[in-house]
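Enquirer: This is protein.txt, which holds compact mmCIF, C-alpha atoms:
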# COMPACT_ATOMS: atom_id res chain seq x y z
CA MET A 1 -28.48 7.69 -8.68
CA ALA A 2 -27.30 4.16 -9.47
CA THR A 3 -24.91 2.50 -7.04
CA VAL A 4 -21.35 2.60 -8.40
CA LYS A 5 -19.88 -0.88 -8.72
CA VAL A 6 -16.21 -1.25 -7.84
CA LEU A 7 -13.63 -4.01 -7.70
CA VAL A 8 -10.89 -4.05 -5.08
CA THR A 9 -8.08 -6.48 -5.87
CA GLY A 10 -6.25 -7.56 -2.73
CA GLY A 11 -9.32 -6.55 -0.76
CA ALA A 12 -8.64 -9.08 2.00
CA GLY A 13 -5.29 -7.51 2.78
CA PHE A 14 -4.26 -4.72 5.11
CA ILE A 15 -4.83 -1.68 2.89
CA GLY A 16 -7.40 -3.27 0.61
CA SER A 17 -9.74 -4.35 3.40
CA ASN A 18 -9.69 -0.90 4.99
CA LEU A 19 -10.55 0.54 1.57
CA VAL A 20 -13.37 -1.98 1.07
CA THR A 21 -15.05 -1.04 4.34
CA ARG A 22 -14.85 2.67 3.55
CA LEU A 23 -16.27 2.16 0.05
CA LEU A 24 -19.19 0.16 1.43
CA ASP A 25 -19.87 2.86 4.02
CA GLU A 26 -19.91 5.38 1.14
CA GLY A 27 -22.64 3.36 -0.59
CA TYR A 28 -20.61 1.60 -3.27
CA ALA A 29 -21.35 -1.96 -4.34
CA VAL A 30 -18.00 -3.71 -3.79
CA ARG A 31 -16.49 -6.89 -5.17
CA VAL A 32 -13.19 -8.24 -3.81
CA LEU A 33 -10.64 -10.38 -5.64
CA ASP A 34 -8.03 -11.99 -3.41
CA ASP A 35 -6.19 -15.31 -3.37
CA LEU A 36 -6.00 -15.18 0.46
CA SER A 37 -2.30 -16.03 0.39
CA THR A 38 -1.52 -13.09 2.66
CA GLY A 39 -4.96 -11.49 2.99
CA ARG A 40 -7.47 -12.85 5.44
CA ARG A 41 -11.05 -13.86 4.81
CA GLU A 42 -12.12 -12.32 8.11
CA ASN A 43 -10.83 -8.94 6.93
CA VAL A 44 -13.42 -8.82 4.16
CA ASP A 45 -16.57 -6.94 5.13
CA THR A 46 -19.56 -9.28 4.85
CA ARG A 47 -21.35 -6.69 2.70
CA ALA A 48 -18.78 -7.25 -0.09
CA ASP A 49 -18.78 -10.01 -2.71
CA LEU A 50 -15.57 -12.07 -2.46
CA ILE A 51 -14.01 -13.92 -5.40
CA GLU A 52 -11.08 -16.09 -4.42
CA GLY A 53 -8.40 -16.30 -7.09
CA ASP A 54 -4.99 -15.21 -8.38
CA ILE A 55 -4.42 -11.77 -9.82
CA ASP A 56 -2.50 -13.20 -12.78
CA ASP A 57 -5.28 -15.63 -13.73
CA GLU A 58 -6.82 -13.96 -16.78
CA ALA A 59 -10.15 -15.81 -16.62
CA ILE A 60 -10.72 -15.03 -12.95
CA VAL A 61 -9.73 -11.38 -13.36
CA ARG A 62 -12.12 -11.00 -16.29
CA GLU A 63 -14.89 -12.46 -14.16
CA ALA A 64 -14.04 -10.09 -11.31
CA VAL A 65 -14.00 -6.89 -13.40
CA ARG A 66 -17.26 -7.64 -15.20
CA GLY A 67 -19.72 -4.82 -14.49
CA ALA A 68 -17.23 -2.74 -12.48
CA GLU A 69 -16.99 0.99 -13.13
CA VAL A 70 -13.87 1.55 -11.01
CA VAL A 71 -11.06 -0.86 -10.14
CA PHE A 72 -8.83 -0.27 -7.12
CA HIS A 73 -5.81 -2.48 -7.77
CA GLN A 74 -4.25 -3.20 -4.37
CA ALA A 75 -3.18 -6.83 -4.86
CA ALA A 76 0.58 -7.38 -4.75
CA ALA A 77 3.42 -9.54 -3.56
CA GLY A 78 4.64 -7.02 -1.02
CA SER A 79 7.91 -6.60 0.87
CA VAL A 80 11.37 -5.74 -0.38
CA ALA A 81 12.82 -8.67 1.59
CA ARG A 82 10.39 -11.15 0.05
CA SER A 83 11.24 -9.90 -3.43
CA VAL A 84 14.95 -10.42 -2.83
CA ALA A 85 14.20 -14.00 -1.79
CA GLN A 86 11.49 -14.63 -4.44
CA PRO A 87 12.03 -12.31 -7.43
CA LEU A 88 10.13 -14.48 -9.91
CA VAL A 89 7.02 -14.62 -7.73
CA THR A 90 7.21 -10.88 -7.20
CA ASP A 91 7.40 -10.21 -10.93
CA ARG A 92 4.57 -12.60 -11.77
CA VAL A 93 2.17 -11.09 -9.27
CA ASN A 94 3.13 -7.43 -9.45
CA THR A 95 4.08 -6.95 -13.09
CA HIS A 96 2.05 -9.56 -14.93
CA GLY A 97 -0.80 -9.26 -12.44
CA THR A 98 -1.07 -5.51 -13.02
CA LEU A 99 -1.01 -5.99 -16.79
CA THR A 100 -3.75 -8.61 -16.49
CA VAL A 101 -5.93 -6.23 -14.46
CA LEU A 102 -5.39 -3.38 -16.93
CA LYS A 103 -6.23 -5.46 -20.00
CA ALA A 104 -9.33 -6.97 -18.40
CA SER A 105 -10.43 -3.52 -17.24
CA LEU A 106 -9.99 -2.08 -20.71
CA ASP A 107 -11.95 -4.90 -22.32
CA ALA A 108 -14.75 -4.61 -19.73
CA GLY A 109 -15.20 -0.87 -20.22
CA VAL A 110 -14.01 0.11 -16.72
CA GLN A 111 -14.02 3.88 -16.31
CA ARG A 112 -10.96 4.15 -14.07
CA VAL A 113 -8.20 2.03 -12.56
CA VAL A 114 -6.46 3.28 -9.40
CA SER A 115 -3.29 1.24 -8.94
CA ALA A 116 -1.14 0.94 -5.82
CA SER A 117 2.55 1.64 -6.38
CA SER A 118 5.35 2.26 -3.90
CA SER A 119 7.89 4.85 -2.78
CA SER A 120 10.49 2.11 -3.23
CA VAL A 121 10.69 3.03 -6.93
CA TYR A 122 12.79 6.07 -5.97
CA GLY A 123 15.54 3.92 -4.46
CA GLY A 124 18.19 5.84 -2.56
CA ALA A 125 17.11 9.23 -3.88
CA ALA A 126 19.85 11.84 -3.62
CA ALA A 127 17.37 14.71 -3.24
CA LEU A 128 14.66 14.69 -0.59
CA PRO A 129 11.74 15.10 -0.51
CA SER A 130 11.19 12.91 -3.57
CA VAL A 131 9.14 14.46 -6.35
CA GLU A 132 7.31 12.38 -8.95
CA THR A 133 9.40 13.82 -11.79
CA ALA A 134 12.65 12.49 -10.26
CA THR A 135 14.33 9.65 -12.13
CA PRO A 136 13.47 6.36 -10.37
CA SER A 137 16.35 4.17 -9.21
CA PRO A 138 14.78 0.96 -7.82
CA ARG A 139 17.02 -1.15 -5.59
CA SER A 140 14.99 -4.34 -5.27
CA PRO A 141 12.93 -6.67 -7.45
CA TYR A 142 9.84 -5.37 -5.62
CA ALA A 143 10.65 -1.78 -6.59
CA VAL A 144 11.32 -2.78 -10.20
CA SER A 145 7.98 -4.59 -10.40
CA LYS A 146 6.10 -1.59 -9.00
CA LEU A 147 7.78 0.75 -11.46
CA ALA A 148 6.86 -1.59 -14.31
CA GLY A 149 3.24 -1.48 -13.12
CA GLU A 150 3.33 2.32 -13.21
CA HIS A 151 4.62 2.28 -16.77
CA TYR A 152 1.87 -0.12 -17.83
CA CYS A 153 -0.72 2.22 -16.27
CA ARG A 154 0.69 5.20 -18.16
CA VAL A 155 0.82 3.29 -21.44
CA PHE A 156 -2.76 2.06 -21.08
CA ALA A 157 -3.84 5.66 -20.54
CA GLN A 158 -1.85 7.02 -23.49
CA VAL A 159 -2.36 4.20 -25.99
CA TYR A 160 -5.79 2.83 -25.09
CA GLY A 161 -7.45 5.76 -23.36
CA LEU A 162 -8.03 3.89 -20.08
CA ALA A 163 -8.11 6.40 -17.23
CA THR A 164 -5.46 5.17 -14.79
CA VAL A 165 -3.97 6.71 -11.67
CA ALA A 166 -0.93 5.23 -9.89
CA LEU A 167 -0.37 6.03 -6.23
CA ARG A 168 3.09 5.76 -4.70
CA TYR A 169 2.45 4.76 -1.09
CA PHE A 170 5.01 5.73 1.54
CA ASN A 171 5.29 3.23 4.44
CA VAL A 172 1.64 2.65 5.22
CA TYR A 173 0.70 1.48 8.71
CA GLY A 174 -2.39 1.06 10.89
CA PRO A 175 -5.10 -1.40 11.95
CA ARG A 176 -5.06 -4.87 10.30
CA GLN A 177 -1.34 -4.74 9.54
CA ARG A 178 -0.09 -7.88 11.22
CA PRO A 179 3.25 -8.90 12.74
CA ASP A 180 2.90 -12.67 12.26
CA SER A 181 4.72 -12.93 8.93
CA ALA A 182 8.31 -13.48 7.93
CA TYR A 183 8.05 -10.24 5.94
CA ALA A 184 6.04 -8.12 8.36
CA ALA A 185 6.50 -4.34 8.36
CA VAL A 186 8.42 -2.53 11.06
CA ILE A 187 5.56 -0.94 13.03
CA PRO A 188 3.58 -4.14 13.77
CA LEU A 189 6.87 -5.90 14.56
CA PHE A 190 7.85 -3.17 17.02
CA ILE A 191 4.41 -3.21 18.67
CA ALA A 192 4.43 -7.01 18.97
CA ALA A 193 7.90 -7.01 20.53
CA LEU A 194 7.10 -4.23 23.00
CA SER A 195 3.82 -5.92 23.95
CA ALA A 196 5.73 -9.11 24.77
CA GLY A 197 8.53 -7.32 26.61
CA GLN A 198 11.00 -8.39 23.93
CA GLN A 199 13.74 -6.35 22.29
CA PRO A 200 12.69 -4.98 18.89
CA ILE A 201 15.08 -5.76 16.03
CA ILE A 202 16.50 -2.87 14.03
CA HIS A 203 18.35 -3.64 10.81
CA GLY A 204 21.16 -1.08 10.74
CA ASN A 205 21.77 1.78 13.15
CA GLY A 206 18.16 2.95 13.44
CA GLN A 207 18.81 6.33 11.87
CA GLN A 208 17.16 5.32 8.59
CA SER A 209 14.05 7.45 8.14
CA ARG A 210 10.63 6.96 6.57
CA ASP A 211 7.56 9.01 5.66
CA PHE A 212 5.08 6.94 7.66
CA THR A 213 1.49 7.23 6.38
CA PHE A 214 -1.63 6.13 8.26
CA VAL A 215 -3.90 3.74 6.38
CA ASP A 216 -7.01 5.95 6.67
CA ASP A 217 -5.17 8.64 4.73
CA VAL A 218 -4.25 6.12 2.03
CA VAL A 219 -7.91 5.12 1.77
CA GLU A 220 -8.86 8.78 1.32
CA ALA A 221 -6.20 9.12 -1.37
CA ASN A 222 -7.72 6.24 -3.32
CA LEU A 223 -11.15 7.85 -3.19
CA ALA A 224 -9.67 11.16 -4.31
CA ALA A 225 -7.86 9.45 -7.20
CA ALA A 226 -11.09 7.79 -8.32
CA ARG A 227 -12.94 11.11 -8.36
CA ALA A 228 -10.29 13.45 -9.79
CA PRO A 229 -10.89 14.75 -13.34
CA ALA A 230 -9.44 12.33 -15.88
CA ALA A 231 -8.01 15.20 -17.91
CA ALA A 232 -5.75 16.17 -15.00
CA ALA A 233 -5.10 12.84 -13.24
CA GLY A 234 -5.38 10.23 -16.01
CA GLY A 235 -2.12 8.40 -16.62
CA GLY A 236 -0.51 10.21 -13.70
CA VAL A 237 1.49 9.03 -10.70
CA PHE A 238 1.23 10.66 -7.28
CA ASN A 239 3.07 10.41 -3.97
CA ILE A 240 0.74 9.47 -1.11
CA ALA A 241 2.33 10.40 2.20
CA CYS A 242 2.39 12.94 5.00
CA GLY A 243 5.48 14.71 3.71
CA GLY A 244 7.38 14.17 6.98
CA SER A 245 10.31 12.06 8.08
CA HIS A 246 10.85 9.95 11.20
CA SER A 247 13.74 7.65 12.07
CA LEU A 248 13.23 4.10 13.34
CA LEU A 249 14.67 5.13 16.70
CA GLU A 250 12.15 7.97 16.89
CA LEU A 251 9.40 5.51 15.98
CA LEU A 252 10.48 3.18 18.75
CA ASP A 253 10.57 6.04 21.24
CA VAL A 254 7.03 7.21 20.39
CA LEU A 255 5.68 3.65 20.57
CA GLY A 256 7.41 3.09 23.91
CA ARG A 257 5.82 6.20 25.40
CA GLU A 258 2.40 5.28 24.04
CA MET A 259 2.64 1.72 25.38
CA GLY A 260 4.33 2.66 28.65
CA VAL A 261 7.38 0.48 28.11
CA SER A 262 11.05 1.02 27.41
CA VAL A 263 12.95 -1.85 25.80
CA PRO A 264 16.30 -1.27 24.05
CA PRO A 265 16.48 -2.61 20.49
CA VAL A 266 18.76 -5.28 19.08
CA ARG A 267 20.74 -4.03 16.10
CA THR A 268 21.58 -6.32 13.20
CA GLU A 269 23.10 -5.90 9.75
CA PRO A 270 21.19 -3.79 7.19
CA ARG A 271 18.96 -5.76 4.82
CA PRO A 272 19.66 -5.99 1.08
CA GLY A 273 17.50 -3.61 -0.93
CA ASP A 274 16.65 -1.31 1.99
CA ILE A 275 17.06 2.44 1.54
CA ARG A 276 18.51 4.97 3.94
CA ALA A 277 15.91 7.73 3.82
CA SER A 278 12.49 8.31 2.34
CA GLN A 279 10.34 11.43 2.28
CA ALA A 280 7.68 12.58 -0.18
CA ASP A 281 6.95 15.81 -1.92
CA VAL A 282 3.15 15.81 -1.64
CA SER A 283 2.32 18.93 -3.66
CA ALA A 284 1.11 17.07 -6.78
CA ALA A 285 -1.46 15.01 -4.87
CA ARG A 286 -2.68 18.17 -3.17
CA GLN A 287 -2.98 20.15 -6.39
CA VAL A 288 -4.32 17.51 -8.78
CA LEU A 289 -6.18 15.03 -6.56
CA GLY A 290 -7.21 17.45 -3.83
CA PHE A 291 -5.69 15.05 -1.30
CA GLU A 292 -3.76 15.89 1.83
CA ALA A 293 -2.95 13.54 4.71
CA LYS A 294 -4.78 14.42 7.93
CA VAL A 295 -3.51 11.94 10.54
CA SER A 296 -0.31 12.92 12.35
CA PHE A 297 2.48 10.45 13.12
CA GLU A 298 1.68 10.40 16.84
CA GLU A 299 -2.09 10.12 16.35
CA GLY A 300 -1.71 7.34 13.81
CA LEU A 301 0.51 5.34 16.16
CA ARG A 302 -1.97 5.94 18.99
CA ARG A 303 -4.81 4.50 16.91
CA THR A 304 -2.66 1.58 15.76
CA VAL A 305 -1.65 0.63 19.30
CA ALA A 306 -5.29 0.86 20.38
CA TRP A 307 -6.28 -1.59 17.64
CA TYR A 308 -3.58 -4.09 18.66
CA ARG A 309 -4.75 -3.90 22.25
CA ALA A 310 -8.37 -4.51 21.21
CA VAL A 311 -7.77 -7.60 19.10
CA SER A 312 -5.93 -10.86 19.55
CA VAL A 313 -2.99 -10.79 17.14
CA PRO A 314 -0.46 -13.61 17.08
CA PRO A 315 3.12 -12.62 17.97
CA ALA A 316 5.84 -12.11 15.40
CA PRO A 317 7.54 -15.31 14.17
Show me this structure written as structure tokens.

Expert:
Amino acid sequence: MATVKVLVTGGAGFIGSNLVTRLLDEGYAVRVLDDLSTGRRENVDTRADLIEGDIDDEAIVREAVRGAEVVFHQAAAGSVARSVAQPLVTDRVNTHGTLTVLKASLDAGVQRVVSASSSSVYGGAAALPSVETATPSPRSPYAVSKLAGEHYCRVFAQVYGLATVALRYFNVYGPRQRPDSAYAAVIPLFIAALSAGQQPIIHGNGQQSRDFTFVDDVVEANLAAARAPAAAAGGGVFNIACGGSHSLLELLDVLGREMGVSVPPVRTEPRPGDIRASQADVSAARQVLGFEAKVSFEEGLRRTVAWYRAVSVPPAP
């Protein structure tokens, strides 16, 4: 059997690099496209072929997709907070970048595109858990750009026959997610603060809840989306999560117990664009993709803390 050739955009980033390593271990020939603006060269497995370039550069994207059978589109300008500060950059990378990847994939004869979306498209959903058929109500430029990417995936499936699958990630965390960024996610920020004996910062009262999802499960979801029958999954969008809900105060408590420290948080004003609660209905991913998250909240945090202890990660800014 011939080795399947795949492209991972954003393959030097947190989720993308974990996916790259797993694909290589599965025997795939992997090419990575990343501009290294937030991703790190050292994250890229040496067995992969790295092309350095922007996701909205048509010529570079066409070069990257050449010969690929499957494209895992993970590249993005992430973070709600960053999108509030830089909406034009967010739109260029996330909306135009996704369209560029889809058009290049179509022209190159790619068999399937699995595209990373976000639970942020739901906004402050009135009904929880959120089901994919609910009307999206994005509350940030980031969420709008991710929803636009989903629509482009659906249209390319319906109009051009390109098999696309969009995955709505819910608060992914795990190894290689770093705290040393102005827009770092909450779990690496909490771990960095607790490691340094500093007070973690909570925006709001800490009761806001999230469906935290371990990165290994997200990797498995991408593989499942690539393998699912096109007749059932093509053009579809699926929640990728555990289906649970944990508050930030609960998160801080579990991390404190795991790390053997107890440091009270500092509370500040809520951030623009943030949502109060997030939880996924995961039945569609189970039924259509055959995917179900395996790593529990506590086990995922245990593995994440172990990774931070094993590597030298700069502190939060």

Enquirer: Residues of region 60-158 of chain A that have any atom at most 6 Å from an atom of region 3-26 of chain A: could you tabulate them with the shortest-distance atom pair and the distance in Å to one decimal, using all atoms listed in the file, ordered by chain and increasing number, as a tab-separated table?

Expert:
residue	atom	partner	partner_atom	distance
A:Ala68	CA	A:Lys5	CA	5.0
A:Glu69	CA	A:Lys5	CA	5.6
A:Val70	CA	A:Val6	CA	4.8
A:Val71	CA	A:Leu7	CA	4.7
A:Phe72	CA	A:Val8	CA	4.8
A:His73	CA	A:Thr9	CA	5.0
A:Gln74	CA	A:Gly10	CA	5.1
A:Ala75	CA	A:Gly10	CA	3.8

Enquirer: Would you list the contacts of Ser278 (chain A) as a list in words, taking every protein, DNA or RNA residue within 9 Å and counting all atoms listed in the file, but skipping same-chain residues closer than 5 positions in sequence?

Expert: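 Everything that qualifies: Ser119, Ser120, Tyr122, Gly123, Gly124, Ala125, Leu128, Pro129, Ser130, Phe170, Gln208, Ser209, Arg210, Asp211 and Ser245 of chain A.
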
Enquirer: Restrict the calculation to only C-alpha atoms, then for each residue of region 140-193 of chain A with any atom at most 12 Å from an atom of region 258-269 of chain A give the closest atom pair and their distance in Å to one decimal, rows by chain and rising residue number, as a tab-separated table.

Expert:
residue	atom	partner	partner_atom	distance
A:Leu189	CA	A:Pro265	CA	11.8
A:Phe190	CA	A:Pro265	CA	9.3
A:Ile191	CA	A:Met259	CA	8.5
A:Ala192	CA	A:Met259	CA	11.0
A:Ala193	CA	A:Val263	CA	8.9

Enquirer: Mind listing whatever residues come within 12 Å of the point (-10.1, -1.0, -15.5)? Use only C-alpha atoms, file coordinates, and give them as a VMD selection string.

Expert: chain A and resid 5 to 9 61 to 62 64 to 73 98 to 115 153 156 to 157 160 to 165 226

Enquirer: Residues within 9 Å of His96 (chain A), please, as a PyMOL selection string. Count all atoms listed in the file; anything in the same chain fewer than 5 positions from it doesn't count.

Expert: chain A and resi 55-56+91+101+145+149

Enquirer: For each of A:Arg47, A:Arg92, A:Arg139, A:Lys294, take the minimum atom-to-atom distance to Asp217 (chain A), counting all atoms listed in the file, then give the residue where this is smallest.

Expert: A:Lys294

Enquirer: Return the single residue from A:Val215, A:Leu251, A:Ala306, A:Asp274 that is closest to Ala293 (chain A), with distances computed using only C-alpha atoms.

Expert: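 Smallest separation from Ala293 (chain A) among the options: A:Val215.
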
Enquirer: Just the residues within 10 Å of Ala185 (chain A), please, counting only C-alpha atoms, with nothing from its chain fewer than 5 positions along; format it as JSON, numbers by chain.

Expert: {"A": [78, 79, 171, 172, 173, 177, 178, 179, 180, 190]}

Enquirer: Using all atoms listed in the file, find the one residue out of A:Ile275, A:Leu301, A:Leu167, A:Ala230 that sits nearest to Phe214 (chain A).

Expert: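 Of all the options, A:Leu301 lies closest to Phe214 (chain A).
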